[in-house]
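For reference, final_30.tsv (TSV, N, CA and C atoms):
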```tsv
chain	number	residue	atom	x	y	z
Q	1	MET	N	70.35	-11.49	207.10
Q	1	MET	CA	69.76	-11.55	205.79
Q	1	MET	C	70.89	-11.49	204.75
Q	2	LYS	N	70.86	-12.40	203.81
Q	2	LYS	CA	71.83	-12.39	202.72
Q	2	LYS	C	71.29	-11.54	201.58
Q	3	ILE	N	72.18	-10.80	200.94
Q	3	ILE	CA	71.78	-9.98	199.80
Q	3	ILE	C	72.77	-10.19	198.66
Q	4	GLU	N	72.35	-9.82	197.48
Q	4	GLU	CA	73.25	-9.84	196.33
Q	4	GLU	C	72.84	-8.77	195.34
Q	5	VAL	N	73.74	-8.37	194.51
Q	5	VAL	CA	73.50	-7.37	193.49
Q	5	VAL	C	72.71	-8.01	192.36
Q	6	THR	N	71.69	-7.29	191.86
Q	6	THR	CA	70.91	-7.81	190.75
Q	6	THR	C	71.76	-7.81	189.48
Q	7	HIS	N	71.36	-8.64	188.55
Q	7	HIS	CA	72.06	-8.71	187.27
Q	7	HIS	C	72.07	-7.34	186.57
Q	8	ALA	N	70.96	-6.62	186.66
Q	8	ALA	CA	70.84	-5.32	186.01
Q	8	ALA	C	71.81	-4.28	186.57
Q	9	ARG	N	72.20	-4.39	187.83
Q	9	ARG	CA	73.09	-3.41	188.47
Q	9	ARG	C	74.53	-3.90	188.57
Q	10	ARG	N	74.81	-5.11	188.12
Q	10	ARG	CA	76.15	-5.69	188.24
Q	10	ARG	C	77.21	-4.81	187.58
Q	11	VAL	N	76.93	-4.25	186.42
Q	11	VAL	CA	77.91	-3.42	185.71
Q	11	VAL	C	78.30	-2.22	186.57
Q	12	ALA	N	77.33	-1.56	187.19
Q	12	ALA	CA	77.63	-0.39	188.03
Q	12	ALA	C	78.48	-0.78	189.24
Q	13	PHE	N	78.19	-1.91	189.84
Q	13	PHE	CA	78.95	-2.34	191.01
Q	13	PHE	C	80.33	-2.85	190.63
Q	14	ASP	N	80.47	-3.38	189.43
Q	14	ASP	CA	81.77	-3.90	189.00
Q	14	ASP	C	82.66	-2.83	188.36
Q	15	SER	N	82.09	-1.68	188.03
Q	15	SER	CA	82.90	-0.63	187.41
Q	15	SER	C	83.81	0.03	188.45
Q	16	ASN	N	84.79	0.76	187.97
Q	16	ASN	CA	85.70	1.46	188.87
Q	16	ASN	C	84.91	2.42	189.75
Q	17	GLN	N	85.16	2.35	191.03
Q	17	GLN	CA	84.50	3.23	191.99
Q	17	GLN	C	85.38	4.45	192.22
Q	18	GLN	N	84.75	5.59	192.40
Q	18	GLN	CA	85.42	6.85	192.71
Q	18	GLN	C	86.45	7.24	191.65
Q	19	THR	N	86.14	6.93	190.39
Q	19	THR	CA	86.93	7.37	189.25
Q	19	THR	C	86.05	8.34	188.46
Q	20	TRP	N	86.49	9.58	188.35
Q	20	TRP	CA	85.67	10.63	187.75
Q	20	TRP	C	85.85	10.71	186.24
Q	21	ASN	N	84.74	10.99	185.55
Q	21	ASN	CA	84.73	11.20	184.10
Q	21	ASN	C	83.82	12.37	183.79
Q	22	GLY	N	84.10	13.06	182.69
Q	22	GLY	CA	83.24	14.15	182.28
Q	22	GLY	C	84.04	15.32	181.75
Q	23	CYS	N	83.48	16.51	181.90
Q	23	CYS	CA	84.12	17.73	181.39
Q	23	CYS	C	84.27	18.73	182.53
Q	24	ASP	N	84.57	19.97	182.19
Q	24	ASP	CA	84.79	20.97	183.24
Q	24	ASP	C	83.49	21.47	183.88
Q	25	LYS	N	82.33	21.17	183.32
Q	25	LYS	CA	81.04	21.60	183.87
Q	25	LYS	C	80.33	20.51	184.67
Q	26	ILE	N	80.55	19.24	184.29
Q	26	ILE	CA	79.89	18.13	184.98
Q	26	ILE	C	80.79	16.90	184.91
Q	27	GLN	N	80.91	16.22	186.04
Q	27	GLN	CA	81.64	14.97	186.09
Q	27	GLN	C	80.83	13.97	186.90
Q	28	PHE	N	81.03	12.70	186.61
Q	28	PHE	CA	80.30	11.65	187.30
Q	28	PHE	C	81.24	10.54	187.72
Q	29	SER	N	80.80	9.83	188.75
Q	29	SER	CA	81.58	8.72	189.29
Q	29	SER	C	80.64	7.76	190.01
Q	30	GLN	N	81.11	6.57	190.26
Q	30	GLN	CA	80.34	5.57	191.00
Q	30	GLN	C	80.81	5.55	192.46
Q	31	PHE	N	79.88	5.62	193.37
Q	31	PHE	CA	80.15	5.48	194.81
Q	31	PHE	C	79.19	4.42	195.32
Q	32	GLY	N	79.72	3.30	195.71
Q	32	GLY	CA	78.86	2.21	196.16
Q	32	GLY	C	77.94	1.71	195.05
Q	33	GLY	N	78.42	1.78	193.82
Q	33	GLY	CA	77.62	1.31	192.69
Q	33	GLY	C	76.52	2.26	192.27
Q	34	GLN	N	76.50	3.45	192.84
Q	34	GLN	CA	75.48	4.45	192.52
Q	34	GLN	C	76.16	5.70	191.99
Q	35	GLU	N	75.53	6.37	191.05
Q	35	GLU	CA	76.15	7.51	190.40
Q	35	GLU	C	76.11	8.76	191.27
Q	36	MET	N	77.25	9.43	191.34
Q	36	MET	CA	77.34	10.74	191.96
Q	36	MET	C	77.75	11.73	190.87
Q	37	LEU	N	77.18	12.93	190.94
Q	37	LEU	CA	77.54	13.99	190.01
Q	37	LEU	C	78.20	15.14	190.75
Q	38	ALA	N	79.20	15.71	190.12
Q	38	ALA	CA	79.76	17.00	190.53
Q	38	ALA	C	79.42	17.93	189.37
Q	39	ILE	N	78.64	18.96	189.64
Q	39	ILE	CA	78.07	19.76	188.56
Q	39	ILE	C	78.08	21.24	188.94
Q	40	THR	N	78.22	22.10	187.92
Q	40	THR	CA	78.14	23.53	188.18
Q	40	THR	C	76.71	23.88	188.55
Q	41	ASN	N	76.56	24.88	189.42
Q	41	ASN	CA	75.23	25.36	189.76
Q	41	ASN	C	75.04	26.77	189.22
Q	42	GLU	N	73.93	27.39	189.55
Q	42	GLU	CA	73.60	28.70	189.00
Q	42	GLU	C	74.59	29.78	189.42
Q	43	GLN	N	75.25	29.62	190.56
Q	43	GLN	CA	76.17	30.63	191.07
Q	43	GLN	C	77.61	30.40	190.59
Q	44	GLU	N	77.80	29.54	189.60
Q	44	GLU	CA	79.12	29.23	189.05
Q	44	GLU	C	80.05	28.55	190.04
Q	45	GLY	N	79.48	27.89	191.03
Q	45	GLY	CA	80.23	27.02	191.91
Q	45	GLY	C	79.92	25.58	191.51
Q	46	PHE	N	80.21	24.65	192.39
Q	46	PHE	CA	79.97	23.24	192.11
Q	46	PHE	C	79.24	22.60	193.29
Q	47	VAL	N	78.31	21.72	192.99
Q	47	VAL	CA	77.60	20.95	193.99
Q	47	VAL	C	77.71	19.47	193.66
Q	48	LEU	N	77.49	18.65	194.66
Q	48	LEU	CA	77.46	17.20	194.49
Q	48	LEU	C	76.03	16.72	194.63
Q	49	THR	N	75.64	15.74	193.82
Q	49	THR	CA	74.35	15.09	193.97
Q	49	THR	C	74.57	13.58	194.05
Q	50	TYR	N	73.77	12.93	194.90
Q	50	TYR	CA	73.91	11.48	195.12
Q	50	TYR	C	72.62	10.96	195.73
Q	51	LEU	N	72.05	9.95	195.13
Q	51	LEU	CA	70.85	9.29	195.63
Q	51	LEU	C	69.72	10.28	195.94
Q	52	GLY	N	69.55	11.26	195.05
Q	52	GLY	CA	68.47	12.22	195.21
Q	52	GLY	C	68.75	13.34	196.19
Q	53	MET	N	69.98	13.45	196.66
Q	53	MET	CA	70.34	14.51	197.60
Q	53	MET	C	71.48	15.33	197.01
Q	54	LYS	N	71.62	16.56	197.53
Q	54	LYS	CA	72.70	17.42	197.05
Q	54	LYS	C	73.34	18.16	198.23
Q	55	THR	N	74.53	18.63	197.99
Q	55	THR	CA	75.19	19.43	199.02
Q	55	THR	C	74.45	20.76	199.15
Q	56	THR	N	74.41	21.30	200.36
Q	56	THR	CA	73.69	22.55	200.59
Q	56	THR	C	74.57	23.77	200.37
Q	57	SER	N	75.87	23.58	200.34
Q	57	SER	CA	76.77	24.68	200.03
Q	57	SER	C	77.57	24.30	198.79
Q	58	GLN	N	78.04	25.31	198.09
Q	58	GLN	CA	78.78	25.05	196.86
Q	58	GLN	C	80.27	25.00	197.13
Q	59	PHE	N	80.98	24.37	196.22
Q	59	PHE	CA	82.43	24.31	196.23
Q	59	PHE	C	82.96	25.28	195.18
Q	60	LEU	N	84.10	25.87	195.45
Q	60	LEU	CA	84.65	26.86	194.53
Q	60	LEU	C	85.22	26.23	193.27
Q	61	THR	N	85.69	24.97	193.37
Q	61	THR	CA	86.29	24.30	192.22
Q	61	THR	C	85.75	22.89	192.09
Q	62	MET	N	85.89	22.34	190.90
Q	62	MET	CA	85.52	20.95	190.66
Q	62	MET	C	86.36	20.03	191.53
Q	63	ASP	N	87.66	20.31	191.64
Q	63	ASP	CA	88.53	19.47	192.45
Q	63	ASP	C	88.11	19.46	193.91
Q	64	ALA	N	87.70	20.60	194.45
Q	64	ALA	CA	87.24	20.65	195.84
Q	64	ALA	C	85.99	19.81	196.02
Q	65	ALA	N	85.08	19.86	195.06
Q	65	ALA	CA	83.86	19.05	195.13
Q	65	ALA	C	84.21	17.56	195.11
Q	66	LYS	N	85.09	17.18	194.20
Q	66	LYS	CA	85.46	15.76	194.10
Q	66	LYS	C	86.18	15.28	195.35
Q	67	LYS	N	86.98	16.14	195.95
Q	67	LYS	CA	87.69	15.77	197.18
Q	67	LYS	C	86.70	15.52	198.33
Q	68	ALA	N	85.60	16.26	198.34
Q	68	ALA	CA	84.58	16.12	199.39
Q	68	ALA	C	83.61	14.97	199.13
Q	69	ALA	N	83.66	14.38	197.95
Q	69	ALA	CA	82.67	13.38	197.54
Q	69	ALA	C	82.57	12.17	198.47
Q	70	PRO	N	83.69	11.55	198.91
Q	70	PRO	CA	83.53	10.39	199.79
Q	70	PRO	C	82.81	10.73	201.10
Q	71	GLU	N	83.12	11.88	201.68
Q	71	GLU	CA	82.45	12.29	202.92
Q	71	GLU	C	80.97	12.57	202.66
Q	72	PHE	N	80.67	13.19	201.52
Q	72	PHE	CA	79.28	13.45	201.17
Q	72	PHE	C	78.51	12.14	200.99
Q	73	ALA	N	79.10	11.17	200.30
Q	73	ALA	CA	78.44	9.87	200.11
Q	73	ALA	C	78.16	9.22	201.47
Q	74	SER	N	79.12	9.27	202.35
Q	74	SER	CA	78.92	8.71	203.70
Q	74	SER	C	77.80	9.43	204.44
Q	75	SER	N	77.75	10.75	204.32
Q	75	SER	CA	76.69	11.53	204.99
Q	75	SER	C	75.32	11.16	204.45
Q	76	VAL	N	75.20	11.00	203.13
Q	76	VAL	CA	73.93	10.60	202.53
Q	76	VAL	C	73.52	9.22	203.04
Q	77	LEU	N	74.44	8.28	203.02
Q	77	LEU	CA	74.11	6.92	203.47
Q	77	LEU	C	73.76	6.89	204.96
Q	78	ASN	N	74.44	7.70	205.77
Q	78	ASN	CA	74.11	7.80	207.19
Q	78	ASN	C	72.71	8.39	207.38
Q	79	TYR	N	72.38	9.40	206.59
Q	79	TYR	CA	71.05	10.00	206.65
Q	79	TYR	C	69.97	8.96	206.31
Q	80	LEU	N	70.21	8.20	205.26
Q	80	LEU	CA	69.26	7.16	204.87
Q	80	LEU	C	69.15	6.07	205.94
Q	81	GLN	N	70.28	5.70	206.53
Q	81	GLN	CA	70.25	4.70	207.61
Q	81	GLN	C	69.44	5.20	208.79
Q	82	GLU	N	69.60	6.47	209.12
Q	82	GLU	CA	68.83	7.07	210.20
Q	82	GLU	C	67.33	7.05	209.88
Q	83	MET	N	66.97	7.33	208.64
Q	83	MET	CA	65.57	7.25	208.23
Q	83	MET	C	65.02	5.84	208.40
Q	84	LEU	N	65.82	4.85	208.03
Q	84	LEU	CA	65.38	3.46	208.15
Q	84	LEU	C	65.24	3.05	209.61
Q	85	THR	N	66.18	3.47	210.41
Q	85	THR	CA	66.19	3.10	211.83
Q	85	THR	C	65.04	3.75	212.59
Q	86	ASN	N	64.83	5.03	212.32
Q	86	ASN	CA	63.84	5.80	213.09
Q	86	ASN	C	62.51	5.96	212.38
Q	87	GLY	N	62.44	5.59	211.11
Q	87	GLY	CA	61.20	5.71	210.37
Q	87	GLY	C	60.78	7.14	210.11
Q	88	GLN	N	61.73	8.04	210.09
Q	88	GLN	CA	61.43	9.45	209.83
Q	88	GLN	C	62.61	10.12	209.15
Q	89	ASN	N	62.41	11.36	208.72
Q	89	ASN	CA	63.51	12.11	208.11
Q	89	ASN	C	63.84	13.33	208.93
```

I need this file expressed as structure tokens, please.
Amino acid sequence: MKIEVTHARRVAFDSNQQTWNGCDKIQFSQFGGQEMLAITNEQEGFVLTYLGMKTTSQFLTMDAAKKAAPEFASSVLNYLQEMLTNGQN
């Protein structure tokens, strides 16, 4: 099956990937054309969110969260692929 990016999402896919922007409390970046957030949580640590999912443990620093972001994105996409393959979560 051939696929292509819709016109509406072209900007997100064409923007710099894995380049972080924001402040010391929240930063965002594009991973696979989709937004990921590194954000402070209630315990003054940092969590990552991507495609409606979040890390279950916190990171002590923003830099640690950002360093873990590519692996987290891969884990989320693998989880979604497993759901598609097996029809369950």

**Report entry** Thr61 (chain Q) surroundings by only N, CA and C atoms, 8 Å radius, close-in-sequence under 2 positions cut, as a PyMOL selection string
**Finding:** chain Q and resi 44-47+58-59+63-67

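The nearest approach to Val11 (chain Q) among the residues Q:Pro70, Q:Gly52, Q:Gly87, Q:Gly33, with all atoms listed in the file taken into account, belongs to Q:Gly33.
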
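The spacing separating atom C of Asn78 (chain Q) from CA of Thr56 (chain Q) amounts to 15.7 Å.
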
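The space between CA of Ala68 (chain Q) and CA of Leu48 (chain Q) spans 8.7 Å.
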
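Atom pair CA of Gln18 (chain Q) / atom N of Glu35 (chain Q) has a distance of 10.0 Å (rounded to one decimal).
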
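Every residue of chain Q found in strand (DSSP E or B) when DSSP is run on the backbone appears here: Asn21, Gly22, Ile26, Gln27, Phe28, Ser29, Gln30, Phe31, Gln34, Glu35, Met36, Leu37, Ala38, Ile39, Thr40, Phe46, Val47, Leu48, Thr49, Tyr50, Met53, Lys54 and Phe59 of chain Q.
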
Same residues, N, CA and C atoms, saved as a tab-separated table (two decimals), in the coordinates of the input:
```tsv
chain	number	residue	atom	x	y	z
Q	21	ASN	N	84.74	10.99	185.55
Q	21	ASN	CA	84.73	11.20	184.10
Q	21	ASN	C	83.82	12.37	183.79
Q	22	GLY	N	84.10	13.06	182.69
Q	22	GLY	CA	83.24	14.15	182.28
Q	22	GLY	C	84.04	15.32	181.75
Q	26	ILE	N	80.55	19.24	184.29
Q	26	ILE	CA	79.89	18.13	184.98
Q	26	ILE	C	80.79	16.90	184.91
Q	27	GLN	N	80.91	16.22	186.04
Q	27	GLN	CA	81.64	14.97	186.09
Q	27	GLN	C	80.83	13.97	186.90
Q	28	PHE	N	81.03	12.70	186.61
Q	28	PHE	CA	80.30	11.65	187.30
Q	28	PHE	C	81.24	10.54	187.72
Q	29	SER	N	80.80	9.83	188.75
Q	29	SER	CA	81.58	8.72	189.29
Q	29	SER	C	80.64	7.76	190.01
Q	30	GLN	N	81.11	6.57	190.26
Q	30	GLN	CA	80.34	5.57	191.00
Q	30	GLN	C	80.81	5.55	192.46
Q	31	PHE	N	79.88	5.62	193.37
Q	31	PHE	CA	80.15	5.48	194.81
Q	31	PHE	C	79.19	4.42	195.32
Q	34	GLN	N	76.50	3.45	192.84
Q	34	GLN	CA	75.48	4.45	192.52
Q	34	GLN	C	76.16	5.70	191.99
Q	35	GLU	N	75.53	6.37	191.05
Q	35	GLU	CA	76.15	7.51	190.40
Q	35	GLU	C	76.11	8.76	191.27
Q	36	MET	N	77.25	9.43	191.34
Q	36	MET	CA	77.34	10.74	191.96
Q	36	MET	C	77.75	11.73	190.87
Q	37	LEU	N	77.18	12.93	190.94
Q	37	LEU	CA	77.54	13.99	190.01
Q	37	LEU	C	78.20	15.14	190.75
Q	38	ALA	N	79.20	15.71	190.12
Q	38	ALA	CA	79.76	17.00	190.53
Q	38	ALA	C	79.42	17.93	189.37
Q	39	ILE	N	78.64	18.96	189.64
Q	39	ILE	CA	78.07	19.76	188.56
Q	39	ILE	C	78.08	21.24	188.94
Q	40	THR	N	78.22	22.10	187.92
Q	40	THR	CA	78.14	23.53	188.18
Q	40	THR	C	76.71	23.88	188.55
Q	46	PHE	N	80.21	24.65	192.39
Q	46	PHE	CA	79.97	23.24	192.11
Q	46	PHE	C	79.24	22.60	193.29
Q	47	VAL	N	78.31	21.72	192.99
Q	47	VAL	CA	77.60	20.95	193.99
Q	47	VAL	C	77.71	19.47	193.66
Q	48	LEU	N	77.49	18.65	194.66
Q	48	LEU	CA	77.46	17.20	194.49
Q	48	LEU	C	76.03	16.72	194.63
Q	49	THR	N	75.64	15.74	193.82
Q	49	THR	CA	74.35	15.09	193.97
Q	49	THR	C	74.57	13.58	194.05
Q	50	TYR	N	73.77	12.93	194.90
Q	50	TYR	CA	73.91	11.48	195.12
Q	50	TYR	C	72.62	10.96	195.73
Q	53	MET	N	69.98	13.45	196.66
Q	53	MET	CA	70.34	14.51	197.60
Q	53	MET	C	71.48	15.33	197.01
Q	54	LYS	N	71.62	16.56	197.53
Q	54	LYS	CA	72.70	17.42	197.05
Q	54	LYS	C	73.34	18.16	198.23
Q	59	PHE	N	80.98	24.37	196.22
Q	59	PHE	CA	82.43	24.31	196.23
Q	59	PHE	C	82.96	25.28	195.18
```

Query - Nearest residue to Met36 (chain Q) from the set Q:Leu80, Q:Ala8, Q:Met1, Q:Leu51 (distances using only N, CA and C atoms) - result: Q:Leu51

For Asn16 (chain Q), please output as a JSON list (two decimals) with N, CA and C atoms, keeping the file's coordinate frame all residues within 6.5 Å (counting only N, CA and C atoms; exclusion window: fewer than 3 positions along the same chain).
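After the write, around-v8.json holds the following:
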```
[["chain", "number", "residue", "atom", "x", "y", "z"],
["Q", 13, "PHE", "N", 78.19, -1.91, 189.84],
["Q", 13, "PHE", "CA", 78.95, -2.34, 191.01],
["Q", 13, "PHE", "C", 80.33, -2.85, 190.63],
["Q", 19, "THR", "N", 86.14, 6.93, 190.39],
["Q", 19, "THR", "CA", 86.93, 7.37, 189.25],
["Q", 19, "THR", "C", 86.05, 8.34, 188.46],
["Q", 30, "GLN", "N", 81.11, 6.57, 190.26],
["Q", 30, "GLN", "CA", 80.34, 5.57, 191.00],
["Q", 30, "GLN", "C", 80.81, 5.55, 192.46]]
```

Requested in this report: Report the residues of chain Q whose backbone DSSP state falls under helix (DSSP H, G or I), written as a PyMOL selection string.
Outcome: chain Q and resi 7-14+62-86

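Distances from Q:Asp14, Q:Thr40, Q:Thr49, Q:Phe72 to Ile26 (chain Q) were compared using only N, CA and C atoms, and the smallest one belongs to Q:Thr40.
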
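In terms of minimum interatomic distance to Ser29 (chain Q), Q:Gln17 ranks closest within Q:Ser75, Q:Thr6, Q:Gln43, Q:Gln17, counting all atoms listed in the file.
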
Please determine an axis-aligned box that encloses all atoms of region 52-68 of chain Q listed in the file, with 6 Å added on each side, and express its centre and edge lengths in Å to one decimal as JSON.
```
{"center_x": 78.5, "center_y": 19.1, "center_z": 195.6, "size_x": 32.1, "size_y": 27.6, "size_z": 21.9}
```
